[in-house]
$ cat my_file.tsv   # TSV, C-alpha atoms and all ligand atoms
chain	number	residue	atom	x	y	z
Q	1	MET	CA	144.89	-32.55	164.22
Q	2	ARG	CA	148.04	-31.87	162.23
Q	3	HIS	CA	146.24	-31.43	158.96
Q	4	PHE	CA	143.90	-28.89	160.44
Q	5	SER	CA	146.63	-26.76	161.99
Q	6	ARG	CA	148.47	-26.57	158.69
Q	7	ALA	CA	145.30	-25.44	156.96
Q	8	ARG	CA	144.71	-22.88	159.69
Q	9	LYS	CA	148.22	-21.55	159.26
Q	10	ALA	CA	147.66	-21.17	155.53
Q	11	VAL	CA	144.53	-19.14	156.12
Q	12	ASP	CA	145.76	-17.00	159.01
Q	13	GLY	CA	149.53	-16.69	158.58
Q	14	ILE	CA	150.66	-13.52	156.86
Q	15	THR	CA	154.04	-13.16	155.11
Q	16	ILE	CA	155.29	-9.70	154.12
Q	17	ALA	CA	158.13	-9.19	151.59
Q	18	LEU	CA	160.31	-6.11	152.12
Q	19	SER	CA	163.69	-5.00	150.81
Q	20	LYS	CA	166.15	-3.67	153.33
Q	21	GLY	CA	167.21	-0.04	153.28
Q	22	ARG	CA	164.79	2.77	152.57
Q	23	ILE	CA	161.76	0.59	151.90
Q	24	PHE	CA	162.15	-1.38	155.14
Q	25	ASP	CA	162.83	1.79	157.14
Q	26	GLU	CA	159.91	3.74	155.68
Q	27	THR	CA	157.50	0.80	155.93
Q	28	LEU	CA	158.17	0.26	159.66
Q	29	PRO	CA	155.88	3.08	160.86
Q	30	LEU	CA	153.11	1.85	158.53
Q	31	LEU	CA	153.36	-1.69	159.92
Q	32	ALA	CA	153.48	-0.29	163.45
Q	33	ALA	CA	150.15	1.41	162.77
Q	34	ALA	CA	148.79	-2.05	161.94
Q	35	GLY	CA	150.23	-3.40	165.21
Q	36	ILE	CA	153.11	-5.23	163.51
Q	37	GLU	CA	156.71	-4.87	164.72
Q	38	PRO	CA	159.59	-6.94	163.29
Q	39	LEU	CA	161.67	-8.44	166.10
Q	40	ASP	CA	164.97	-8.15	164.21
Q	41	ASN	CA	166.79	-5.51	162.19
Q	42	PRO	CA	167.92	-6.52	158.66
Q	43	GLU	CA	170.84	-4.04	158.84
Q	44	THR	CA	172.45	-5.95	161.70
Q	45	SER	CA	170.98	-9.44	161.34
Q	46	ARG	CA	171.75	-11.92	158.58
Q	47	ARG	CA	168.40	-13.60	158.97
Q	48	LEU	CA	166.20	-13.38	155.92
Q	49	ILE	CA	162.99	-14.32	157.73
Q	50	LEU	CA	162.19	-11.96	160.56
Q	51	PRO	CA	159.65	-12.86	163.19
Q	52	THR	CA	157.35	-10.10	164.39
Q	53	ASN	CA	155.52	-9.36	167.63
Q	54	ARG	CA	152.57	-11.20	166.08
Q	55	ASP	CA	152.73	-14.99	165.99
Q	56	ASN	CA	151.05	-15.22	162.62
Q	57	VAL	CA	153.02	-12.46	160.82
Q	58	ARG	CA	156.58	-12.73	159.45
Q	59	VAL	CA	158.73	-10.56	157.21
Q	60	LEU	CA	160.92	-11.83	154.34
Q	61	ILE	CA	163.95	-9.72	153.42
Q	62	VAL	CA	164.28	-9.81	149.62
Q	63	ARG	CA	166.12	-7.87	146.92
Q	64	ALA	CA	163.98	-4.86	145.85
Q	65	THR	CA	163.57	-6.17	142.30
Q	66	ASP	CA	162.46	-9.58	143.62
Q	67	THR	CA	159.57	-8.30	145.78
Q	68	PRO	CA	156.89	-8.57	143.04
Q	69	THR	CA	158.03	-12.14	142.27
Q	70	TYR	CA	157.56	-13.30	145.87
Q	71	VAL	CA	154.11	-11.73	146.06
Q	72	GLN	CA	153.02	-12.86	142.60
Q	73	TYR	CA	153.75	-16.52	143.37
Q	74	GLY	CA	152.18	-16.28	146.82
Q	75	ALA	CA	155.45	-16.92	148.73
Q	76	ALA	CA	154.54	-13.59	150.34
Q	77	ASP	CA	151.01	-12.26	150.77
Q	78	LEU	CA	152.02	-8.61	150.91
Q	79	GLY	CA	154.98	-6.58	149.79
Q	80	VAL	CA	156.21	-3.06	149.23
Q	81	ALA	CA	157.74	-2.21	145.85
Q	82	GLY	CA	158.72	0.93	143.95
Q	83	LYS	CA	156.68	1.96	140.91
Q	84	ASP	CA	159.93	1.58	138.92
Q	85	VAL	CA	160.22	-2.07	139.94
Q	86	LEU	CA	156.54	-2.72	139.25
Q	87	LEU	CA	156.69	-1.16	135.78
Q	88	GLU	CA	159.77	-3.19	134.89
Q	89	HIS	CA	158.45	-6.43	136.36
Q	90	GLY	CA	154.82	-6.20	135.27
Q	91	SER	CA	151.95	-6.61	137.70
Q	92	ASP	CA	150.20	-9.85	136.72
Q	93	GLY	CA	148.59	-11.45	139.77
Q	94	LEU	CA	149.29	-8.39	141.90
Q	95	TYR	CA	146.71	-6.16	143.47
Q	96	GLN	CA	148.05	-2.65	144.18
Q	97	PRO	CA	145.60	-1.09	146.62
Q	98	ILE	CA	147.69	1.71	148.13
Q	99	ASP	CA	150.33	4.17	146.96
Q	100	LEU	CA	152.28	4.46	150.23
Q	101	GLY	CA	154.01	7.69	149.20
Q	102	ILE	CA	157.34	6.43	150.56
Q	103	ALA	CA	160.80	6.09	148.93
Q	104	ARG	CA	159.92	9.01	146.69
Q	105	CYS	CA	162.20	9.93	143.81
Q	106	ARG	CA	162.01	10.75	140.10
Q	107	MET	CA	162.86	8.76	136.98
Q	108	MET	CA	165.03	11.08	134.87
Q	109	VAL	CA	167.11	11.18	131.72
Q	110	ALA	CA	170.63	12.44	132.51
Q	111	VAL	CA	173.56	13.36	130.29
Q	112	PRO	CA	177.11	14.65	130.78
Q	113	ALA	CA	177.22	18.39	131.60
Q	114	GLY	CA	177.78	20.13	128.27
Q	115	PHE	CA	175.94	17.57	126.13
Q	116	ASP	CA	173.05	19.38	124.43
Q	117	TYR	CA	170.32	16.76	124.83
Q	118	GLN	CA	167.45	18.91	123.46
Q	119	ARG	CA	169.47	19.71	120.35
Q	120	ALA	CA	170.40	16.05	119.79
Q	121	VAL	CA	166.70	15.15	120.06
Q	122	ARG	CA	165.65	17.96	117.66
Q	123	GLN	CA	168.22	16.82	115.13
Q	124	GLY	CA	166.87	13.27	115.27
Q	125	ALA	CA	170.18	11.83	116.48
Q	126	ARG	CA	170.14	8.17	117.44
Q	127	LEU	CA	171.03	8.12	121.13
Q	128	LYS	CA	172.72	5.37	123.09
Q	129	VAL	CA	170.94	5.14	126.43
Q	130	ALA	CA	172.08	2.94	129.32
Q	131	SER	CA	169.68	1.94	132.07
Q	132	LYS	CA	168.50	-0.65	134.53
Q	133	TYR	CA	164.94	0.36	133.52
Q	134	LEU	CA	164.66	-0.73	129.89
Q	135	ASN	CA	160.85	-0.92	129.74
Q	136	ILE	CA	160.40	2.55	131.19
Q	137	ALA	CA	163.13	3.96	128.93
Q	138	ARG	CA	161.77	2.23	125.82
Q	139	GLU	CA	158.26	3.56	126.39
Q	140	HIS	CA	159.46	7.06	127.18
Q	141	PHE	CA	161.54	7.46	124.04
Q	142	ALA	CA	158.97	5.73	121.82
Q	143	ALA	CA	156.29	8.16	123.02
Q	144	LYS	CA	158.59	11.08	122.14
Q	145	GLY	CA	159.52	9.54	118.79
Q	146	VAL	CA	163.21	9.55	119.71
Q	147	HIS	CA	165.33	6.74	118.29
Q	148	VAL	CA	167.47	5.05	120.91
Q	149	ASP	CA	169.74	2.07	121.31
Q	150	LEU	CA	169.11	0.77	124.80
Q	151	ILE	CA	171.90	-0.83	126.81
Q	152	LYS	CA	170.95	-2.89	129.86
Q	153	LEU	CA	172.93	-2.25	133.06
Q	154	TYR	CA	172.39	-3.58	136.58
Q	155	GLY	CA	173.81	-0.65	138.56
Q	156	SER	CA	176.18	2.36	138.63
Q	157	MET	CA	174.47	3.87	135.58
Q	158	GLU	CA	176.35	7.16	136.13
Q	159	LEU	CA	179.50	5.48	134.88
Q	160	ALA	CA	178.16	4.70	131.41
Q	161	PRO	CA	178.41	8.19	129.82
Q	162	LEU	CA	181.73	8.86	131.54
Q	163	ALA	CA	183.24	5.67	130.14
Q	164	GLY	CA	181.83	6.26	126.65
Q	165	LEU	CA	179.35	3.39	126.82
Q	166	ALA	CA	176.29	5.63	126.31
Q	167	ASP	CA	175.23	9.20	125.53
Q	168	ALA	CA	172.59	9.28	128.24
Q	169	ILE	CA	171.20	7.30	131.15
Q	170	VAL	CA	167.74	6.74	132.57
Q	171	ASP	CA	167.95	6.53	136.35
Q	172	LEU	CA	166.28	7.37	139.63
Q	173	VAL	CA	167.20	10.72	141.11
Q	174	SER	CA	166.33	12.02	144.54
Q	175	THR	CA	168.75	14.74	145.66
Q	176	GLY	CA	170.80	14.77	142.45
Q	177	SER	CA	174.08	14.57	144.38
Q	178	THR	CA	175.23	11.34	142.70
Q	179	LEU	CA	174.67	12.90	139.26
Q	180	GLN	CA	176.49	16.05	140.33
Q	181	ALA	CA	179.44	14.10	141.75
Q	182	ASN	CA	179.84	12.48	138.33
Q	183	ASN	CA	179.41	15.68	136.31
Q	184	LEU	CA	176.02	14.65	134.91
Q	185	VAL	CA	172.85	16.71	134.69
Q	186	ALA	CA	169.25	15.59	134.68
Q	187	CYS	CA	167.73	16.84	131.41
Q	188	GLU	CA	164.26	15.25	131.30
Q	189	HIS	CA	161.71	14.14	133.86
Q	190	ILE	CA	160.07	10.83	132.97
Q	191	MET	CA	157.87	10.18	136.02
Q	192	ASP	CA	157.55	10.56	139.76
Q	193	ILE	CA	158.20	7.34	141.66
Q	194	SER	CA	156.97	6.15	145.03
Q	195	SER	CA	156.42	2.74	146.58
Q	196	ARG	CA	153.15	0.82	146.59
Q	197	LEU	CA	151.69	-1.92	148.69
Q	198	ILE	CA	151.26	-5.05	146.60
Q	199	VAL	CA	149.01	-7.95	147.55
Q	200	ASN	CA	148.76	-11.47	146.15
Q	201	GLN	CA	145.35	-11.65	144.48
Q	202	ALA	CA	144.51	-15.15	145.73
Q	203	ALA	CA	145.60	-14.28	149.30
Q	204	LEU	CA	143.32	-11.27	149.21
Q	205	LYS	CA	140.36	-13.64	148.88
Q	206	LEU	CA	141.58	-16.60	150.99
Q	207	LYS	CA	143.08	-14.55	153.83
Q	208	ARG	CA	140.74	-11.59	153.74
Q	209	ALA	CA	139.98	-11.83	157.47
Q	210	ALA	CA	143.65	-11.52	158.41
Q	211	LEU	CA	144.63	-9.09	155.64
Q	212	ALA	CA	141.78	-6.57	155.72
Q	213	PRO	CA	142.65	-5.06	159.15
Q	214	ILE	CA	146.29	-4.65	158.06
Q	215	LEU	CA	145.34	-2.98	154.77
Q	216	ASP	CA	142.83	-0.73	156.56
Q	217	ALA	CA	145.33	0.38	159.21
Q	218	ILE	CA	147.98	1.14	156.58
Q	219	SER	CA	145.60	3.07	154.34
Q	220	ARG	CA	144.46	5.15	157.34
Q	221	VAL	CA	148.02	6.30	158.19
Q	222	VAL	CA	148.86	6.89	154.54
Q	223	GLN	CA	145.82	9.13	154.03
Q	224	ARG	CA	146.69	11.33	157.00
K	1	LIG	P1	170.28	-2.06	145.09
K	1	LIG	O1	170.48	-0.67	145.63
K	1	LIG	O2	170.41	-3.13	146.13
K	1	LIG	O3	170.99	-2.33	143.82
K	1	LIG	P2	167.73	-1.11	144.36
K	1	LIG	O4	168.35	0.17	143.92
K	1	LIG	O5	166.72	-1.76	143.47
K	1	LIG	O6	168.77	-2.23	144.69
K	1	LIG	P3	167.02	0.29	146.74
K	1	LIG	O7	168.18	1.18	146.55
K	1	LIG	O8	166.74	-0.28	148.09
K	1	LIG	O9	167.08	-0.95	145.78
K	1	LIG	O10	165.75	1.03	146.23
K	1	LIG	C1	164.48	0.49	146.46
K	1	LIG	C2	163.45	1.39	145.83
K	1	LIG	O11	163.53	2.69	146.42
K	1	LIG	C3	163.61	1.59	144.33
K	1	LIG	O12	162.96	0.57	143.62
K	1	LIG	C4	162.98	2.94	144.15
K	1	LIG	O13	161.57	2.84	144.05
K	1	LIG	C5	163.34	3.66	145.43
K	1	LIG	N1	164.58	4.43	145.25
K	1	LIG	C6	165.69	4.06	144.62
K	1	LIG	N2	166.61	5.02	144.65
K	1	LIG	C7	166.07	6.03	145.33
K	1	LIG	C8	166.53	7.31	145.72
K	1	LIG	N3	167.74	7.76	145.37
K	1	LIG	N4	165.71	8.04	146.46
K	1	LIG	C9	164.50	7.60	146.84
K	1	LIG	N5	164.01	6.41	146.48
K	1	LIG	C10	164.78	5.64	145.73
K	2	MG	MG	169.78	1.42	145.06
$ encode --input "my_file.tsv" --output "structure tokens"
Amino acid sequence: MRHFSRARKAVDGITIALSKGRIFDETLPLLAAAGIEPLDNPETSRRLILPTNRDNVRVLIVRATDTPTYVQYGAADLGVAGKDVLLEHGSDGLYQPIDLGIARCRMMVAVPAGFDYQRAVRQGARLKVASKYLNIAREHFAAKGVHVDLIKLYGSMELAPLAGLADAIVDLVSTGSTLQANNLVACEHIMDISSRLIVNQAALKLKRAALAPILDAISRVVQR
């Protein structure tokens, strides 16, 4: 019966939201441990819905900042998102069972080489700070009691101090080579960042039978 098969699909079908690049690449071995292999590569394919070796599992390719949205509304049951993205987006309706320890980097304050950040802070200067991560930046400076004017950017934060838009930036740093190439130095560590598994809270109940083995397999490889 048609009605029945649709209901079955809703209960058994699993949709996973991933962003391409480092999150997709570093999630592949974790999915493989759960017996899931995407049958297409987002770097070479333009398809946004990738089938997998399992009939009832598919992968959506989404923008990193959109992953929590897909999972929150139940368009995806599972996703992988950076702590940065989760803190900016908020985590209503999201269950975060596992820190996957992938896509590791640090949220840092950076300034032009030669700008005495500690001195500016001690003197109570009002700093102009540009960032894509306004919530994280706002909380960080509020906790320190530093007055800041925050300027929202969507990318290429390194440019802001060079162009005179801001005194400092708040950005993700891994090797530091982008900062160095733009004559900036990291001057304060805000937090360590890694990516987490996120699960739609309703799916966790309704699709427990299909989801539990996947979550178990992933948590086993992550703990090793
Ligand atoms: P885009 O690069 O398309 O503008 P994005 O920066 O949000 O979007 P990615 O570069 O794919 O997306 O980063 C995805 C996640 O990986 C980030 O949310 C963050 O958690 C982590 N990440 C970002 N930059 C780095 C980095 N330099 N090193 C390690 N992990 C990073
Ligand atoms: Mg990026």
$ residues_near_ligand --input "my_file.tsv" --ligand "ligand LIG 1 (chain K)" --cutoff "9 Å" --atoms "all atoms listed in the file" --output "NGL selection string"
:Q and (19-24 or 63-66 or 81-86 or 102-106 or 154-156 or 171-176 or 178 or 193-195)
$ atom_distance --input "my_file.tsv" --atom1 "atom CA of Q:Ile214" --atom2 "atom CA of Q:Ala33"
8.6 Å
$ atom_distance --input "my_file.tsv" --atom1 "atom CA of Q:Asp40" --atom2 "atom CA of Q:Gly79"
17.6 Å
$ residues_around --input "my_file.tsv" --residues "Q:Ala210" --least-positions-apart "6" --cutoff "10 Å" --atoms "only C-alpha atoms" --output "CSV table (one decimal) with C-alpha atoms, in the frame of the given file"
chain,number,residue,atom,x,y,z
Q,11,VAL,CA,144.5,-19.1,156.1
Q,12,ASP,CA,145.8,-17.0,159.0
Q,13,GLY,CA,149.5,-16.7,158.6
Q,14,ILE,CA,150.7,-13.5,156.9
Q,56,ASN,CA,151.0,-15.2,162.6
Q,57,VAL,CA,153.0,-12.5,160.8
Q,203,ALA,CA,145.6,-14.3,149.3
Q,204,LEU,CA,143.3,-11.3,149.2
$ atom_distance --input "my_file.tsv" --atom1 "atom CA of Q:Asn200" --atom2 "atom CA of Q:Met107"
26.3 Å
$ residues_around --input "my_file.tsv" --residues "Q:Ala32" --least-positions-apart "5" --cutoff "9 Å" --atoms "only C-alpha atoms" --output "MDAnalysis selection string"
chainID Q and resid 27 37 218
$ closest_residue --input "my_file.tsv" --among "Q:Ile98, Q:Arg54, Q:Ala186, Q:Asp216" --to "Q:Gln118" --atoms "only C-alpha atoms"
Q:Ala186
$ closest_residue --input "my_file.tsv" --among "Q:Val199, Q:Val109, Q:Ala143, Q:Leu100" --to "Q:Pro29" --atoms "all atoms listed in the file"
Q:Leu100
$ closest_residue --input "my_file.tsv" --among "Q:Ala137, Q:Thr44, Q:Ala76, Q:Lys132" --to "ligand MG 2 (chain K)" --atoms "all atoms listed in the file"
Q:Lys132
$ residues_around --input "my_file.tsv" --residues "Q:Leu60" --least-positions-apart "2" --cutoff "6 Å" --atoms "only C-alpha atoms" --output "NGL selection string"
:Q and (17 or 48-49)
$ residues_near_point --input "my_file.tsv" --point "(178.2, 3.4, 132.5)" --cutoff "12 Å" --atoms "only C-alpha atoms" --output "PyMOL selection string"
chain Q and resi 110-112+128-132+151-171+182+184
$ residues_around --input "my_file.tsv" --residues "Q:Gln123" --least-positions-apart "6" --cutoff "12 Å" --atoms "all atoms listed in the file" --output "PyMOL selection string"
chain Q and resi 116-117+145-147
$ closest_residue --input "my_file.tsv" --among "Q:Ser91, Q:His140, Q:Gln72, Q:Ala34" --to "Q:Ala217" --atoms "all atoms listed in the file"
Q:Ala34
$ axis_aligned_box --input "my_file.tsv" --around "stretch 146-163 of chain Q" --padding-each-side "3 Å" --output "AutoDock Vina command-line options"
--center_x 173.2 --center_y 3.0 --center_z 128.5 --size_x 26.0 --size_y 19.1 --size_z 26.3
